>>> print(open('final.txt').read())   # compact mmCIF, C-alpha atoms
# COMPACT_ATOMS: atom_id res chain seq x y z
CA MET W 25 -114.37 -108.74 76.03
CA GLY W 26 -117.99 -107.59 75.75
CA LYS W 27 -119.24 -104.21 74.53
CA ASP W 28 -121.55 -103.42 77.46
CA THR W 29 -121.40 -99.99 79.05
CA VAL W 30 -122.49 -98.28 82.26
CA THR W 31 -123.48 -94.63 82.54
CA ILE W 32 -122.03 -92.32 85.18
CA LYS W 33 -123.49 -88.88 85.84
CA ASN W 34 -121.89 -85.88 87.54
CA ASN W 35 -124.88 -84.45 89.38
CA ALA W 36 -123.02 -81.20 90.04
CA THR W 37 -122.69 -80.43 86.32
CA GLY W 38 -125.31 -82.67 84.77
CA GLN W 39 -122.70 -84.30 82.52
CA GLU W 40 -123.02 -87.99 81.71
CA LEU W 41 -120.43 -90.46 80.46
CA GLU W 42 -120.83 -93.93 79.01
CA ILE W 43 -118.06 -96.13 80.35
CA PRO W 44 -117.03 -99.44 78.75
CA LEU W 45 -117.72 -102.56 80.77
CA MET W 46 -114.79 -104.96 80.39
CA ARG W 47 -115.07 -108.72 80.92
CA GLY W 48 -112.16 -111.07 81.53
CA THR W 49 -111.84 -114.84 81.25
CA HIS W 50 -112.96 -115.25 84.87
CA GLY W 51 -114.03 -112.89 87.63
CA PRO W 52 -116.32 -109.87 87.92
CA ALA W 53 -116.83 -107.33 85.15
CA THR W 54 -114.64 -104.21 85.32
CA ILE W 55 -115.51 -100.67 84.29
CA ASP W 56 -112.87 -98.68 82.40
CA ILE W 57 -112.64 -95.29 84.17
CA GLY W 58 -109.59 -94.07 82.26
CA ASN W 59 -111.51 -91.11 80.79
CA LEU W 60 -113.46 -90.24 83.93
CA TYR W 61 -111.31 -87.25 84.87
CA SER W 62 -110.85 -85.87 81.37
CA LYS W 63 -114.58 -86.14 80.55
CA LEU W 64 -116.31 -85.43 83.88
CA GLY W 65 -113.56 -83.79 85.92
CA ILE W 66 -113.81 -86.27 88.80
CA PHE W 67 -111.62 -88.97 90.34
CA THR W 68 -112.62 -92.22 92.04
CA PHE W 69 -111.74 -93.01 95.66
CA ASP W 70 -110.97 -96.61 96.62
CA ASN W 71 -109.01 -96.85 99.86
CA GLY W 72 -106.72 -99.91 99.69
CA PHE W 73 -107.74 -100.59 96.06
CA LYS W 74 -110.39 -103.06 97.21
CA SER W 75 -112.49 -102.57 94.07
CA THR W 76 -109.92 -101.32 91.55
CA ALA W 77 -108.15 -103.35 88.86
CA SER W 78 -104.73 -101.83 88.23
CA CYS W 79 -103.83 -103.92 85.19
CA ARG W 80 -104.79 -106.63 82.73
CA SER W 81 -103.05 -109.91 83.48
CA LYS W 82 -102.87 -113.45 82.09
CA ILE W 83 -100.86 -114.90 84.98
CA THR W 84 -102.91 -115.70 88.07
CA PHE W 85 -106.61 -115.82 88.90
CA ILE W 86 -108.21 -115.92 92.35
CA ASP W 87 -111.88 -116.51 93.18
CA GLY W 88 -112.01 -115.70 96.87
CA GLU W 89 -115.65 -116.74 97.28
CA GLU W 90 -115.09 -120.22 95.89
CA GLY W 91 -111.52 -120.73 97.13
CA VAL W 92 -110.00 -120.99 93.64
CA LEU W 93 -106.38 -120.24 92.70
CA LEU W 94 -105.17 -120.73 89.12
CA TYR W 95 -101.66 -120.29 87.70
CA ARG W 96 -101.97 -119.72 83.93
CA GLY W 97 -105.32 -121.53 84.13
CA TYR W 98 -104.02 -124.58 86.02
CA PRO W 99 -105.61 -125.28 89.44
CA ILE W 100 -103.13 -124.95 92.29
CA GLU W 101 -104.27 -128.37 93.56
CA GLN W 102 -103.06 -130.09 90.38
CA LEU W 103 -99.74 -128.26 90.31
CA ALA W 104 -99.10 -128.98 93.99
CA GLU W 105 -99.79 -132.68 93.50
CA LYS W 106 -98.09 -133.30 90.16
CA SER W 107 -95.51 -130.57 89.54
CA ASN W 108 -92.46 -129.07 91.23
CA PHE W 109 -91.34 -125.50 91.87
CA LEU W 110 -89.02 -125.08 88.89
CA GLU W 111 -91.65 -126.42 86.50
CA VAL W 112 -94.12 -123.93 88.00
CA CYS W 113 -91.52 -121.18 87.50
CA TYR W 114 -91.35 -122.09 83.81
CA LEU W 115 -95.14 -122.15 83.56
CA LEU W 116 -95.55 -118.73 85.16
CA TYR W 117 -92.80 -117.06 83.15
CA TYR W 118 -93.53 -118.56 79.70
CA GLY W 119 -97.26 -119.21 80.04
CA GLU W 120 -97.17 -122.92 79.20
CA LEU W 121 -95.92 -126.10 80.83
CA PRO W 122 -92.52 -127.13 79.45
CA THR W 123 -91.69 -130.14 77.33
CA GLN W 124 -89.13 -132.54 78.79
CA ASP W 125 -86.29 -130.87 76.89
CA GLU W 126 -87.47 -127.38 77.82
CA TYR W 127 -87.71 -128.34 81.48
CA GLU W 128 -84.27 -129.95 81.57
CA ASN W 129 -82.67 -126.94 79.88
CA PHE W 130 -84.44 -124.50 82.18
CA SER W 131 -83.50 -126.46 85.31
CA ARG W 132 -79.89 -126.72 84.19
CA LEU W 133 -79.63 -122.98 83.57
CA ILE W 134 -81.16 -122.10 86.94
CA THR W 135 -78.89 -124.56 88.72
CA ARG W 136 -75.74 -123.36 86.92
CA HIS W 137 -76.41 -119.73 87.80
CA SER W 138 -77.06 -120.17 91.53
CA MET W 139 -73.63 -118.84 92.56
CA ILE W 140 -73.34 -115.10 93.17
CA ASN W 141 -70.51 -112.81 92.13
CA GLU W 142 -67.68 -113.31 94.63
CA GLY W 143 -67.49 -109.55 95.11
CA MET W 144 -70.90 -109.67 96.75
CA ARG W 145 -69.44 -111.51 99.73
CA SER W 146 -67.60 -108.38 100.81
CA PHE W 147 -70.79 -106.40 100.22
CA TYR W 148 -72.35 -108.30 103.14
CA ASP W 149 -69.61 -106.97 105.43
CA GLY W 150 -71.17 -103.52 105.24
CA PHE W 151 -74.23 -104.66 107.23
CA TRP W 152 -74.40 -104.68 111.03
CA HIS W 153 -73.36 -108.07 112.40
CA ASN W 154 -76.85 -109.07 113.58
CA ALA W 155 -78.93 -107.28 110.95
CA HIS W 156 -82.34 -108.74 110.15
CA PRO W 157 -82.04 -111.02 107.09
CA MET W 158 -84.83 -109.13 105.33
CA ALA W 159 -82.92 -105.88 105.73
CA ILE W 160 -79.94 -107.53 104.06
CA MET W 161 -82.18 -108.97 101.33
CA VAL W 162 -83.55 -105.55 100.37
CA GLY W 163 -80.00 -104.19 99.96
CA VAL W 164 -78.39 -107.16 98.24
CA VAL W 165 -81.21 -107.82 95.77
CA GLY W 166 -81.19 -104.15 94.78
CA ALA W 167 -77.40 -104.30 94.39
CA LEU W 168 -77.61 -107.11 91.84
CA SER W 169 -77.88 -104.43 89.16
CA ALA W 170 -74.40 -103.24 90.17
CA PHE W 171 -72.92 -106.73 89.72
CA TYR W 172 -75.00 -107.91 86.73
CA HIS W 173 -75.47 -104.80 84.63
CA ASP W 174 -74.77 -106.43 81.28
CA SER W 175 -78.42 -107.30 80.57
CA LEU W 176 -80.55 -104.44 81.83
CA GLU W 177 -82.25 -103.23 78.65
CA ILE W 178 -85.78 -103.54 79.99
CA ASN W 179 -87.43 -103.70 76.55
CA ASN W 180 -85.12 -106.44 75.28
CA PRO W 181 -86.84 -109.85 75.72
CA ARG W 182 -83.49 -111.66 75.98
CA HIS W 183 -82.30 -109.29 78.70
CA GLN W 184 -85.60 -109.76 80.52
CA GLU W 185 -85.08 -113.52 80.42
CA ILE W 186 -81.47 -113.35 81.64
CA SER W 187 -82.44 -111.14 84.56
CA ALA W 188 -85.33 -113.46 85.42
CA TYR W 189 -83.04 -116.51 85.44
CA ARG W 190 -80.53 -114.71 87.62
CA LEU W 191 -83.15 -113.71 90.16
CA ILE W 192 -84.71 -117.18 90.37
CA ALA W 193 -81.29 -118.85 90.62
CA LYS W 194 -79.56 -116.46 93.00
CA LEU W 195 -82.29 -115.58 95.51
CA PRO W 196 -81.83 -118.80 97.56
CA THR W 197 -78.06 -118.18 97.69
CA ILE W 198 -78.54 -114.54 98.71
CA ALA W 199 -81.13 -115.53 101.30
CA ALA W 200 -79.03 -118.27 102.87
CA ALA W 201 -75.98 -115.98 102.92
CA SER W 202 -78.07 -113.28 104.63
CA TYR W 203 -78.92 -115.71 107.40
CA LYS W 204 -75.38 -117.01 107.73
CA TYR W 205 -74.04 -113.47 107.96
CA SER W 206 -76.59 -112.54 110.63
CA ILE W 207 -75.41 -115.37 112.90
CA GLY W 208 -71.69 -115.05 112.14
CA GLN W 209 -71.28 -118.27 110.16
CA PRO W 210 -69.45 -118.59 106.81
CA MET W 211 -71.45 -118.51 103.63
CA VAL W 212 -72.09 -121.94 102.11
CA TYR W 213 -71.78 -122.27 98.33
CA PRO W 214 -74.59 -123.85 96.28
CA ARG W 215 -74.30 -127.40 94.97
CA ASN W 216 -75.39 -128.24 91.44
CA LYS W 217 -76.34 -131.84 92.20
CA MET W 218 -79.12 -130.81 94.57
CA SER W 219 -82.68 -129.80 93.83
CA TYR W 220 -83.77 -126.19 94.31
CA ALA W 221 -85.24 -126.75 97.80
CA GLU W 222 -82.49 -129.16 98.88
CA ASN W 223 -79.85 -126.67 97.83
CA PHE W 224 -81.38 -123.89 99.90
CA LEU W 225 -81.68 -126.06 103.02
CA HIS W 226 -78.07 -127.18 102.59
CA MET W 227 -76.80 -123.61 102.21
CA MET W 228 -78.78 -122.52 105.24
CA PHE W 229 -78.12 -125.29 107.74
CA SER W 230 -74.78 -126.88 106.82
CA VAL W 231 -71.40 -125.79 108.19
CA PRO W 232 -67.93 -126.51 106.79
CA ALA W 233 -66.90 -128.49 109.87
CA GLU W 234 -69.21 -131.43 109.32
CA ASP W 235 -71.45 -133.17 106.80
CA TYR W 236 -75.10 -132.21 106.56
CA VAL W 237 -77.79 -134.44 105.07
CA VAL W 238 -80.96 -132.71 103.90
CA ASN W 239 -84.14 -134.32 105.23
CA PRO W 240 -86.13 -135.31 102.09
CA LEU W 241 -89.46 -134.66 103.85
CA HIS W 242 -88.32 -131.13 104.68
CA ALA W 243 -87.16 -130.50 101.11
CA LYS W 244 -90.47 -131.78 99.73
CA ALA W 245 -92.42 -129.54 102.12
CA LEU W 246 -90.33 -126.51 101.17
CA ASP W 247 -90.75 -127.16 97.44
CA LEU W 248 -94.51 -127.36 97.98
CA LEU W 249 -94.56 -124.11 99.93
CA PHE W 250 -92.56 -122.44 97.16
CA ILE W 251 -95.25 -123.54 94.67
CA LEU W 252 -98.08 -122.24 96.87
CA HIS W 253 -96.37 -118.87 97.37
CA ALA W 254 -95.12 -118.40 93.79
CA ASP W 255 -97.74 -115.82 92.82
CA HIS W 256 -100.96 -114.42 94.22
CA GLU W 257 -102.30 -111.87 91.78
CA GLN W 258 -102.02 -108.11 92.57
CA ASN W 259 -101.10 -108.23 96.25
CA ALA W 260 -99.16 -105.44 98.00
CA SER W 261 -95.65 -106.58 97.03
CA THR W 262 -96.57 -107.52 93.45
CA SER W 263 -98.30 -104.17 92.96
CA THR W 264 -95.17 -102.52 94.34
CA VAL W 265 -92.99 -104.34 91.81
CA ARG W 266 -95.28 -103.26 88.99
CA LEU W 267 -95.40 -99.65 90.21
CA ALA W 268 -91.62 -99.44 90.62
CA GLY W 269 -91.12 -101.12 87.25
CA SER W 270 -93.52 -98.70 85.55
CA SER W 271 -90.91 -95.98 86.04
CA GLU W 272 -88.61 -98.15 83.88
CA ALA W 273 -86.48 -99.09 86.87
CA ASN W 274 -84.41 -102.22 86.22
CA PRO W 275 -85.91 -105.56 87.31
CA PHE W 276 -83.51 -105.98 90.26
CA ALA W 277 -84.55 -102.60 91.66
CA ALA W 278 -88.24 -103.42 91.13
CA VAL W 279 -87.93 -106.81 92.86
CA SER W 280 -85.99 -105.20 95.72
CA ALA W 281 -88.96 -102.87 96.18
CA GLY W 282 -91.18 -105.94 96.31
CA VAL W 283 -88.97 -107.49 99.00
CA GLY W 284 -89.40 -104.33 101.06
CA ALA W 285 -93.19 -104.43 100.71
CA LEU W 286 -93.26 -108.13 101.60
CA TRP W 287 -91.38 -107.43 104.83
CA GLY W 288 -94.46 -105.83 106.41
CA PRO W 289 -96.18 -107.96 109.08
CA ALA W 290 -99.56 -107.45 107.37
CA HIS W 291 -98.19 -109.18 104.23
CA GLY W 292 -95.23 -111.53 104.25
CA GLY W 293 -94.79 -111.43 108.01
CA ALA W 294 -98.13 -113.13 108.72
CA ASN W 295 -96.62 -116.59 109.34
CA GLU W 296 -94.14 -115.03 111.75
CA ALA W 297 -97.11 -113.50 113.58
CA VAL W 298 -98.54 -117.02 113.98
CA ILE W 299 -95.49 -118.10 115.96
CA LYS W 300 -95.67 -114.97 118.12
CA MET W 301 -99.31 -115.78 118.85
CA LEU W 302 -98.47 -119.36 119.82
CA ASN W 303 -95.79 -118.02 122.16
CA GLU W 304 -98.34 -115.70 123.72
CA ILE W 305 -100.78 -118.57 124.31
CA GLY W 306 -97.96 -120.47 125.99
CA GLU W 307 -99.78 -123.63 127.07
CA VAL W 308 -102.32 -126.02 125.55
CA SER W 309 -104.48 -125.54 128.64
CA ALA W 310 -104.68 -121.78 127.92
CA ILE W 311 -106.18 -122.18 124.43
CA PRO W 312 -109.88 -121.95 125.52
CA LYS W 313 -109.16 -118.64 127.25
CA PHE W 314 -107.55 -117.21 124.12
CA ILE W 315 -110.38 -118.54 121.94
CA GLU W 316 -112.82 -116.54 124.07
CA ARG W 317 -110.56 -113.49 123.85
CA ALA W 318 -110.58 -113.76 120.04
CA LYS W 319 -114.39 -113.66 120.10
CA ASP W 320 -114.46 -110.55 122.28
CA LYS W 321 -114.78 -107.41 120.12
CA ASN W 322 -113.30 -105.31 122.92
CA ASP W 323 -110.14 -107.44 123.20
CA THR W 324 -107.18 -106.62 120.95
CA PHE W 325 -106.10 -110.28 120.76
CA ARG W 326 -106.59 -111.91 117.34
CA LEU W 327 -106.05 -115.45 116.15
CA MET W 328 -103.27 -115.07 113.59
CA GLY W 329 -103.28 -117.42 110.61
CA PHE W 330 -107.07 -117.75 110.47
CA GLY W 331 -109.19 -116.29 107.68
CA HIS W 332 -107.93 -114.36 104.67
CA ARG W 333 -108.68 -110.98 103.10
CA VAL W 334 -109.19 -112.52 99.66
CA TYR W 335 -110.50 -116.02 100.42
CA LYS W 336 -113.96 -115.96 101.95
CA SER W 337 -114.06 -119.73 102.13
CA TYR W 338 -111.15 -122.07 102.86
CA ASP W 339 -107.74 -120.93 101.55
CA PRO W 340 -107.05 -123.58 98.85
CA ARG W 341 -103.33 -123.44 99.66
CA ALA W 342 -104.09 -124.31 103.29
CA LYS W 343 -106.00 -127.42 102.23
CA ILE W 344 -102.97 -128.55 100.25
CA ILE W 345 -100.30 -127.86 102.87
CA ARG W 346 -102.27 -129.16 105.87
CA LYS W 347 -101.38 -132.80 105.22
CA THR W 348 -97.70 -131.97 104.77
CA ALA W 349 -97.76 -130.01 108.02
CA HIS W 350 -99.23 -133.00 109.84
CA ASP W 351 -96.72 -135.38 108.23
CA ILE W 352 -93.83 -133.25 109.48
CA LEU W 353 -95.39 -132.77 112.89
CA ALA W 354 -95.76 -136.53 113.23
CA THR W 355 -91.96 -136.74 113.26
CA THR W 356 -91.67 -134.09 115.99
CA SER W 357 -94.80 -134.82 118.03
CA GLY W 358 -94.35 -134.24 121.73
CA ASN W 359 -90.95 -132.63 121.24
CA ASP W 360 -92.09 -129.04 120.86
CA LYS W 361 -94.74 -127.46 123.06
CA MET W 362 -95.48 -124.70 120.56
CA LEU W 363 -96.30 -127.18 117.81
CA ASP W 364 -98.58 -129.06 120.19
CA ILE W 365 -100.39 -125.78 120.87
CA ALA W 366 -100.77 -125.18 117.15
CA MET W 367 -102.37 -128.56 116.50
CA LYS W 368 -104.75 -128.26 119.42
CA LEU W 369 -105.70 -124.74 118.36
CA GLU W 370 -106.44 -125.99 114.84
CA GLU W 371 -108.59 -128.82 116.23
CA ILE W 372 -110.67 -126.52 118.44
CA ALA W 373 -111.10 -123.72 115.90
CA LEU W 374 -112.27 -126.08 113.15
CA LYS W 375 -115.09 -127.31 115.42
CA ASP W 376 -116.12 -123.99 116.96
CA GLU W 377 -119.34 -122.57 115.47
CA TYR W 378 -118.08 -118.99 115.88
CA PHE W 379 -115.19 -119.61 113.49
CA ILE W 380 -117.16 -121.90 111.16
CA GLN W 381 -119.95 -119.34 110.65
CA ARG W 382 -117.41 -116.60 109.94
CA LYS W 383 -115.33 -118.90 107.72
CA LEU W 384 -112.24 -118.23 109.82
CA TYR W 385 -110.37 -121.34 108.74
CA PRO W 386 -106.61 -121.85 109.13
CA ASN W 387 -104.85 -120.25 106.15
CA VAL W 388 -101.55 -120.97 104.43
CA ASP W 389 -99.69 -118.70 106.87
CA PHE W 390 -100.83 -120.83 109.81
CA TYR W 391 -99.46 -124.03 108.30
CA SER W 392 -96.34 -122.53 106.77
CA GLY W 393 -95.47 -120.99 110.13
CA ILE W 394 -95.66 -124.28 111.97
CA ILE W 395 -93.82 -126.15 109.19
CA TYR W 396 -90.95 -123.65 109.35
CA LYS W 397 -90.93 -123.98 113.12
CA ALA W 398 -90.85 -127.79 112.86
CA ILE W 399 -87.90 -127.82 110.43
CA LYS W 400 -85.96 -125.37 112.63
CA VAL W 401 -86.14 -122.31 110.38
CA PRO W 402 -85.55 -119.24 112.60
CA THR W 403 -88.52 -116.91 112.86
CA ASN W 404 -86.70 -113.99 111.22
CA MET W 405 -86.23 -116.12 108.08
CA TYR W 406 -89.91 -116.90 107.47
CA THR W 407 -90.49 -113.85 105.28
CA VAL W 408 -87.19 -114.48 103.49
CA LEU W 409 -88.44 -117.89 102.37
CA PHE W 410 -91.63 -116.22 101.18
CA ALA W 411 -89.48 -113.83 99.11
CA ILE W 412 -87.61 -116.72 97.47
CA ALA W 413 -90.89 -118.27 96.36
CA ARG W 414 -92.53 -115.03 95.27
CA THR W 415 -89.57 -113.93 93.12
CA ILE W 416 -90.89 -115.83 90.10
CA GLY W 417 -94.26 -114.14 90.47
CA TRP W 418 -92.66 -110.70 90.80
CA ILE W 419 -90.42 -111.04 87.77
CA THR W 420 -93.22 -112.53 85.65
CA GLN W 421 -95.59 -109.72 86.62
CA TRP W 422 -92.81 -107.21 85.88
CA LYS W 423 -92.25 -108.71 82.43
CA GLU W 424 -95.97 -108.63 81.65
CA MET W 425 -96.16 -104.98 82.71
CA ILE W 426 -93.06 -103.96 80.72
CA SER W 427 -94.34 -105.77 77.61
CA ASP W 428 -97.76 -104.10 77.72
CA PRO W 429 -97.99 -101.71 74.71
CA GLU W 430 -100.33 -99.49 76.76
CA ARG W 431 -97.87 -99.25 79.67
CA VAL W 432 -97.67 -95.90 81.45
CA ILE W 433 -95.93 -94.88 84.65
CA GLY W 434 -98.13 -95.53 87.68
CA ARG W 435 -99.49 -92.31 89.14
CA PRO W 436 -102.39 -92.73 91.62
CA ARG W 437 -104.63 -89.77 92.39
CA GLN W 438 -105.67 -88.51 95.82
CA LEU W 439 -108.51 -86.82 97.68
CA TYR W 440 -106.81 -83.78 99.19
CA ILE W 441 -108.17 -82.86 102.66
CA GLY W 442 -105.38 -80.51 103.84
CA ALA W 443 -105.35 -76.75 104.43
CA GLU W 444 -106.81 -74.35 101.89
CA LYS W 445 -104.46 -72.06 100.00
CA ARG W 446 -102.88 -69.53 102.40
CA ASP W 447 -100.15 -66.89 102.38
CA TYR W 448 -96.72 -67.15 103.94
CA ALA W 449 -96.26 -65.04 107.11
CA PRO W 450 -92.84 -63.81 108.34
CA ILE W 451 -91.67 -65.68 111.43
CA ALA W 452 -91.80 -62.58 113.63
CA SER W 453 -95.51 -62.14 113.01
CA ARG W 454 -96.54 -65.72 113.74
CA LYS W 455 -98.28 -66.60 116.99
>>> encode(input="final.txt", output="structure tokens")
Amino acid sequence: MGKDTVTIKNNATGQELEIPLMRGTHGPATIDIGNLYSKLGIFTFDNGFKSTASCRSKITFIDGEEGVLLYRGYPIEQLAEKSNFLEVCYLLYYGELPTQDEYENFSRLITRHSMINEGMRSFYDGFWHNAHPMAIMVGVVGALSAFYHDSLEINNPRHQEISAYRLIAKLPTIAAASYKYSIGQPMVYPRNKMSYAENFLHMMFSVPAEDYVVNPLHAKALDLLFILHADHEQNASTSTVRLAGSSEANPFAAVSAGVGALWGPAHGGANEAVIKMLNEIGEVSAIPKFIERAKDKNDTFRLMGFGHRVYKSYDPRAKIIRKTAHDILATTSGNDKMLDIAMKLEEIALKDEYFIQRKLYPNVDFYSGIIYKAIKVPTNMYTVLFAIARTIGWITQWKEMISDPERVIGRPRQLYIGAEKRDYAPIASRK
């Protein structure tokens, strides 16, 4: 880090303060405003934290202008092409790619811990019979601390590791069981001979009455999506996990808070919104009309799955997943009107100058939504699959936060704009 400073002046008092200018490995310089209130008596205001760094991190880097995403310094394109989800989990958690022995041991431990405590099956019975799977996820993930409370010393590295393994291993089982419960089918146990993605698809779609063979193309696509969604810097749900964890809440409680934040349609529900949009369009012939509506500032209709708050060029994850989406769609072409609409919409939008000039390219949510639709994942499970993938990011970010020697409980400030101080009046005298 450099030793540059910037000077801030409080014009009301004439006081000045030199503030350190911090520089990271990549990205813009950051000013350290930790002493701003104590020295000048003022706060900063940054609605939505668009210009505020909440932490130091070594995990993930995004350059939205250039369309760059790095996990521990490795380009997402290389990991997507050459790695698999469990290897990426190891990389994110430990900071380095594993050796062959390290990978095999890690994979074996994750696989062998994919079952959940049998007592948790009756826990599901407390939910309404057709509860949303994300509602069940929030409750069950939080309840893990009641079933696995033997390793919850948050400052103990071994306990951190055990909790991380349990979360990575058990989230697919919890997720699949949440879906099965919501449709009244029996829970399917995990199988140790299957890969991570294969195991989830088997638990979700198989039934005891007949054999189920996992489509290898679907498993490959799901593993790739898990890699692309594994972490994404300080987004809403990750920031929630860090904030909850800063109170020294156990990792299961912190991750449960992250699941709740992810549930919002502006975050993890974006790919579900893509499917709702395609339903609204209804027909391929109606696409031009909806394209014009999207251009109209006075129309509330928006093309979901296009553009990104962080990426000002093409979402690098969308470039990666686009080919997989087309490979899967090639096997279902002509069989699903909604998927035909999606492909035609992509074709038109990529050629339209309005979208090109504004860099409104299809993002990862657009392609993940249509992939999930193509492999028959119900819409209410889209965000659940996102949660499975993002668990490794959440628990890694939690560990980094807990291990920070400068850690303090998160406590944002506010700009108060309410009533001035006033006196209480007896109810009889109020008008």
>>> residues_around(input="final.txt", residues="Glu128 (chain W)", least_positions_apart="5", cutoff="12 Å", atoms="all atoms listed in the file", output="number ranges by chain")
W: 110-111, 114, 122-123, 133-135
>>> closest_residue(input="final.txt", among="W:Leu248, W:Lys375, W:Pro44, W:Lys423", to="Gln102 (chain W)", atoms="only C-alpha atoms")
W:Leu248
>>> closest_residue(input="final.txt", among="W:Ser309, W:Ser427, W:Ser337, W:Asn59", to="Ile365 (chain W)", atoms="all atoms listed in the file")
W:Ser309
>>> residues_around(input="final.txt", residues="Thr84 (chain W)", least_positions_apart="4", cutoff="10 Å", atoms="only C-alpha atoms", output="VMD selection string")
chain W and resid 93 to 98 116 255 to 258 417 421
>>> closest_atom_pairs(input="final.txt", of="region 35-141 of chain W", to="region 429-451 of chain W", cutoff="9 Å", atoms="only C-alpha atoms", output="CSV")
residue,atom,partner,partner_atom,distance
W:Phe67,CA,W:Arg437,CA,7.3
W:Thr68,CA,W:Arg437,CA,8.4
W:Phe69,CA,W:Leu439,CA,7.3
>>> atom_distance(input="final.txt", atom1="CA of Met139 (chain W)", atom2="CA of Ala170 (chain W)")
15.8 Å
>>> closest_residue(input="final.txt", among="W:Leu246, W:Leu363, W:Ala233, W:Leu286", to="Ser261 (chain W)", atoms="all atoms listed in the file")
W:Leu286
>>> atom_distance(input="final.txt", atom1="CA of Asn34 (chain W)", atom2="CA of Ala53 (chain W)")
22.2 Å
>>> atom_distance(input="final.txt", atom1="CA of Arg266 (chain W)", atom2="CA of Asp428 (chain W)")
11.6 Å
>>> residues_around(input="final.txt", residues="Trp287 (chain W)", least_positions_apart="4", cutoff="8 Å", atoms="all atoms listed in the file", output="PyMOL selection string")
chain W and resi 158+283+291-293+407
>>> axis_aligned_box(input="final.txt", around="region 228-238 of chain W", padding_each_side="5 Å", output="lines of an AutoDock Vina configuration file")
center_x = -73.9
center_y = -128.5
center_z = 106.9
size_x = 24.1
size_y = 21.9
size_z = 16.0
>>> build_atoms(input="final.txt", residues="region 277-281 of chain W", atoms="all heavy atoms", output="PDB file, in the coordinates of the input")
ATOM      1  N   ALA W 277     -84.050-103.672  90.796  1.00  0.00           N
ATOM      2  CA  ALA W 277     -84.550-102.600  91.660  1.00  0.00           C
ATOM      3  C   ALA W 277     -86.033-102.805  91.955  1.00  0.00           C
ATOM      4  O   ALA W 277     -86.490-102.614  93.092  1.00  0.00           O
ATOM      5  CB  ALA W 277     -84.326-101.240  90.996  1.00  0.00           C
ATOM      6  N   ALA W 278     -86.807-103.210  90.935  1.00  0.00           N
ATOM      7  CA  ALA W 278     -88.240-103.420  91.130  1.00  0.00           C
ATOM      8  C   ALA W 278     -88.502-104.567  92.096  1.00  0.00           C
ATOM      9  O   ALA W 278     -89.362-104.474  92.983  1.00  0.00           O
ATOM     10  CB  ALA W 278     -88.909-103.702  89.782  1.00  0.00           C
ATOM     11  N   VAL W 279     -87.749-105.665  91.958  1.00  0.00           N
ATOM     12  CA  VAL W 279     -87.930-106.810  92.860  1.00  0.00           C
ATOM     13  C   VAL W 279     -87.471-106.449  94.274  1.00  0.00           C
ATOM     14  O   VAL W 279     -88.080-106.876  95.255  1.00  0.00           O
ATOM     15  CB  VAL W 279     -87.192-108.050  92.319  1.00  0.00           C
ATOM     16  CG1 VAL W 279     -87.143-109.163  93.359  1.00  0.00           C
ATOM     17  CG2 VAL W 279     -87.885-108.550  91.054  1.00  0.00           C
ATOM     18  N   SER W 280     -86.424-105.658  94.398  1.00  0.00           N
ATOM     19  CA  SER W 280     -85.990-105.200  95.720  1.00  0.00           C
ATOM     20  C   SER W 280     -87.111-104.410  96.400  1.00  0.00           C
ATOM     21  O   SER W 280     -87.333-104.549  97.607  1.00  0.00           O
ATOM     22  CB  SER W 280     -84.736-104.327  95.598  1.00  0.00           C
ATOM     23  OG  SER W 280     -84.364-103.811  96.856  1.00  0.00           O
ATOM     24  N   ALA W 281     -87.818-103.596  95.630  1.00  0.00           N
ATOM     25  CA  ALA W 281     -88.960-102.870  96.180  1.00  0.00           C
ATOM     26  C   ALA W 281     -90.033-103.837  96.659  1.00  0.00           C
ATOM     27  O   ALA W 281     -90.667-103.629  97.704  1.00  0.00           O
ATOM     28  CB  ALA W 281     -89.530-101.913  95.130  1.00  0.00           C
TER      29      ALA W 281
END
